[in-house]
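The structure appears right after this line, and notes come after that.
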Amino acid sequence: MTAFWKSRPFGALAVAVLATLCGPLTPARSAGTAKPAAATAGAQVLEGALDIHVHADLDSHKRYIDYIDVAKLAKSRGMRGLVIKNHYEPTASLAYIVRKEVPGIEVFGGIALDRQAGGINPSAVEYMAHVKGGWGKIVWMPTLTSENAVRAFKLNEPGVTVSRNGELLPEVKEVIGLISKYGLVLATGHVSAEEALMILREGQRLGVQHTVVTHAMEGPIWMNIAQMQEAVRLGAFIEFDYNLGTMERLQKPGGPHKGPNNFLAEYKEAIHALGPEHCILSEELTFDSSDLAGHLDGVAPFVSALGLNEHEIDLVLKENPARLLGLPAH
Ligand SMILES: [Zn+2]
């Protein structure tokens, strides 16, 4: 196991908790193209890419690079931009600082409505919308501390509730109203598949223009294709996490994922069922080891193993992320 694994403080719950960390233990390279060719192709596929889901330092979880260096690295690979995600604190102001330090790359932030940020906290969303620069873009429903995650992984901590008896809580509706009011992006976080769909329906009702199902196939969300198709009908993009695409550790116990590398097969099936025009590949810039170059070089063989053609690769890495963030196409 890697140092990252050993460093997790949750002991026997490590697998379950790691399932929610959005940062894998081993690089996703099973798509297996020879390295020099992959490196060349990797540079091409990443050129102009926007990663909507990037975990780096500063964080309380072990990360391998900080946000200033990750922005420099992304810029050196010709990427267009990235969205800083932290599970516990808002990142709009960090985006401002990173932009100042690393000009020439589009950096955005957001807020995950986890317990540490006050849970479902309309005031925090309202504040983020007004932070200088306007770089706060994405509002994630609760992630690691969502009631769904706490229940699924049997965590010994309170969870943030978004619904009761099949109905979204009033404060969740208030947050969705603010997302609509300020033109922000509604991301479903780690709530259950059913809750995510309720949230998207409310988003549609309240006029939210930009919605995404956060890594829909990963635990503790585990959306099936029918649910993802419903989300697409509700106008949402479906996010697929590159980091975890070739791994088996997020398998639902007794669930649909069986055997190593089946995530790749299941991603492929899902992306083709949904249509790449509705899908986003993210977390190219979330690193699980110090092999940053190897991780980035793995993107090209990965997207090619997904069976995507050049145009479709542009959709999932560049055009759809830009549309989600309300940015002009490059
Ligand atoms: Zn994440």
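Every chain in the structure tokens takes a letter, A first, then B, and so on in the order presented; its residues are numbered from 1, and the ligands are numbered from 1 following the presented order.
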
Which residues of chain A have any atom within 12 Å of an atom in ligand 1 when counting only C-alpha atoms and all ligand atoms, and what is the closest pair of atoms for each, with the distance in Å to one decimal? Order the rows by chain and rising number and write it as CSV.
```
residue,atom,partner,partner_atom_place_in_ligand_line,distance
A:Leu18,CA,ligand 1,1 (Zn),10.9
A:Ala19,CA,ligand 1,1 (Zn),10.3
A:Thr20,CA,ligand 1,1 (Zn),7.4
A:Leu21,CA,ligand 1,1 (Zn),6.1
A:Cys22,CA,ligand 1,1 (Zn),4.5
A:Gly23,CA,ligand 1,1 (Zn),7.5
A:Pro24,CA,ligand 1,1 (Zn),10.9
A:Asp51,CA,ligand 1,1 (Zn),11.5
A:Ile52,CA,ligand 1,1 (Zn),9.7
A:His53,CA,ligand 1,1 (Zn),6.1
A:Val54,CA,ligand 1,1 (Zn),7.0
A:His55,CA,ligand 1,1 (Zn),6.4
A:Ala56,CA,ligand 1,1 (Zn),10.1
A:Asp59,CA,ligand 1,1 (Zn),11.9
A:His61,CA,ligand 1,1 (Zn),11.6
A:Val83,CA,ligand 1,1 (Zn),10.6
A:Ile84,CA,ligand 1,1 (Zn),9.4
A:Lys85,CA,ligand 1,1 (Zn),6.4
A:Asn86,CA,ligand 1,1 (Zn),7.2
A:His87,CA,ligand 1,1 (Zn),6.8
A:Tyr88,CA,ligand 1,1 (Zn),10.6
A:Gly110,CA,ligand 1,1 (Zn),11.5
A:Ile111,CA,ligand 1,1 (Zn),11.2
A:Ala112,CA,ligand 1,1 (Zn),9.2
A:Asp114,CA,ligand 1,1 (Zn),11.9
A:Ile138,CA,ligand 1,1 (Zn),11.9
A:Trp140,CA,ligand 1,1 (Zn),9.3
A:Met141,CA,ligand 1,1 (Zn),11.3
A:Pro142,CA,ligand 1,1 (Zn),10.7
A:Thr143,CA,ligand 1,1 (Zn),7.7
A:Leu144,CA,ligand 1,1 (Zn),8.7
A:Ala187,CA,ligand 1,1 (Zn),10.8
A:Thr188,CA,ligand 1,1 (Zn),11.2
A:Gly189,CA,ligand 1,1 (Zn),8.1
A:His190,CA,ligand 1,1 (Zn),9.0
A:Val213,CA,ligand 1,1 (Zn),11.9
A:Thr214,CA,ligand 1,1 (Zn),8.2
A:His215,CA,ligand 1,1 (Zn),8.4
A:Ala216,CA,ligand 1,1 (Zn),11.7
A:Glu218,CA,ligand 1,1 (Zn),10.8
A:Gly219,CA,ligand 1,1 (Zn),11.6
A:Glu239,CA,ligand 1,1 (Zn),11.0
A:Phe240,CA,ligand 1,1 (Zn),11.2
A:Asp241,CA,ligand 1,1 (Zn),9.0
A:Tyr242,CA,ligand 1,1 (Zn),11.6
A:Asn243,CA,ligand 1,1 (Zn),10.6
A:Leu244,CA,ligand 1,1 (Zn),11.3
A:Ser282,CA,ligand 1,1 (Zn),9.6
A:Glu283,CA,ligand 1,1 (Zn),8.1
A:Glu284,CA,ligand 1,1 (Zn),11.7
A:Leu285,CA,ligand 1,1 (Zn),11.2
A:Thr286,CA,ligand 1,1 (Zn),8.7
A:Phe287,CA,ligand 1,1 (Zn),11.6
```

How would you write, as a PDB file with C-alpha atoms, in the first residue's frame, the set of residues in range 81-119 of chain A that DSSP gives as strand (DSSP E)?
```
ATOM      1  CA  GLY A  81      -7.845  25.775 -16.548  1.00  0.00           C
ATOM      2  CA  LEU A  82      -9.009  24.038 -13.437  1.00  0.00           C
ATOM      3  CA  VAL A  83     -11.469  24.235 -10.596  1.00  0.00           C
ATOM      4  CA  ILE A  84     -10.012  23.965  -7.107  1.00  0.00           C
ATOM      5  CA  GLU A 106      -8.121  29.992 -15.816  1.00  0.00           C
ATOM      6  CA  VAL A 107      -8.512  29.015 -12.174  1.00  0.00           C
ATOM      7  CA  PHE A 108     -11.853  28.750 -10.426  1.00  0.00           C
ATOM      8  CA  GLY A 109     -13.042  27.788  -6.969  1.00  0.00           C
ATOM      9  CA  GLY A 110     -16.181  26.653  -5.256  1.00  0.00           C
ATOM     10  CA  ILE A 111     -17.646  25.410  -2.041  1.00  0.00           C
ATOM     11  CA  ALA A 112     -18.557  21.931  -0.851  1.00  0.00           C
TER      12      ALA A 112
END
```

**Study point:** Residue neighbourhood His278 in chain A, 7 Å, only C-alpha atoms, exclusion window fewer than 4 positions, as a ChimeraX atom specification
**Key:** /A:232,237-238,274

Please save C-alpha atoms of the selected residues as an mmCIF file, in the first residue's frame.
```
data_model
loop_
_atom_site.group_PDB
_atom_site.id
_atom_site.type_symbol
_atom_site.label_atom_id
_atom_site.label_comp_id
_atom_site.auth_asym_id
_atom_site.auth_seq_id
_atom_site.Cartn_x
_atom_site.Cartn_y
_atom_site.Cartn_z
ATOM 1 C CA VAL A 232 -29.047 14.035 -18.575
ATOM 2 C CA PHE A 237 -23.503 16.759 -17.334
ATOM 3 C CA ILE A 238 -22.265 13.475 -15.939
ATOM 4 C CA LEU A 274 -25.299 8.736 -22.507
#
```

**Study point:** Two-atom distance - CA of Gly235 in chain A, CA of Val208 in chain A (Å)
**Key:**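 These atoms are spaced 9.6 Å apart.
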
Exercise for review: Please identify all polymer residues within 12 Å of Pro328 in chain A, counting only C-alpha atoms, omitting same-chain residues fewer than 6 positions from it, and present them as number ranges by chain.
Suggested key: A: 80, 318-322

Take the residues just selected and output them with N, CA and C atoms as a PDB file, in the first residue's frame.
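Final output, saved to part_23.pdb:
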```
ATOM      1  N   ARG A  80      -6.218  24.575 -20.254  1.00  0.00           N
ATOM      2  CA  ARG A  80      -6.895  25.870 -20.186  1.00  0.00           C
ATOM      3  C   ARG A  80      -7.152  26.301 -18.747  1.00  0.00           C
ATOM      4  N   LYS A 318     -12.676  19.239 -22.798  1.00  0.00           N
ATOM      5  CA  LYS A 318     -12.547  20.676 -23.068  1.00  0.00           C
ATOM      6  C   LYS A 318     -13.906  21.377 -23.206  1.00  0.00           C
ATOM      7  N   GLU A 319     -14.679  20.958 -24.212  1.00  0.00           N
ATOM      8  CA  GLU A 319     -15.884  21.726 -24.534  1.00  0.00           C
ATOM      9  C   GLU A 319     -16.948  21.633 -23.446  1.00  0.00           C
ATOM     10  N   ASN A 320     -17.208  20.423 -22.964  1.00  0.00           N
ATOM     11  CA  ASN A 320     -18.253  20.276 -21.940  1.00  0.00           C
ATOM     12  C   ASN A 320     -17.879  20.949 -20.618  1.00  0.00           C
ATOM     13  N   PRO A 321     -16.630  20.789 -20.156  1.00  0.00           N
ATOM     14  CA  PRO A 321     -16.266  21.527 -18.943  1.00  0.00           C
ATOM     15  C   PRO A 321     -16.433  23.044 -19.113  1.00  0.00           C
ATOM     16  N   ALA A 322     -16.082  23.550 -20.292  1.00  0.00           N
ATOM     17  CA  ALA A 322     -16.246  24.994 -20.539  1.00  0.00           C
ATOM     18  C   ALA A 322     -17.719  25.385 -20.519  1.00  0.00           C
TER      19      ALA A 322
END
```

Review point. Within 10 Å of Arg77 in chain A, counting only C-alpha atoms, which residues qualify if same-chain residues fewer than 4 places away don't, as JSON, numbers by chain?
Key: {"A": [42, 43, 44, 45, 46, 47, 48, 49, 71, 72, 73, 293, 296]}

Practice item. May I have the residues within 7 Å of Asp57 in chain A as number ranges by chain, using only C-alpha atoms and disregarding those fewer than 6 positions away in the same chain? Key: A: 63, 65-67

Report as a compact mmCIF listing (two decimals) with C-alpha atoms, in the first residue's frame all protein, DNA and RNA residues lying within 7 Å of Ala193 in chain A, evaluated on only C-alpha atoms, omitting residues in the same chain fewer than 5 positions from it.
```txt
# COMPACT_ATOMS: atom_id res chain seq x y z
CA ILE A 221 -23.29 7.55 -5.34
CA TRP A 222 -23.28 4.51 -7.60
CA MET A 223 -25.67 5.81 -10.23
```
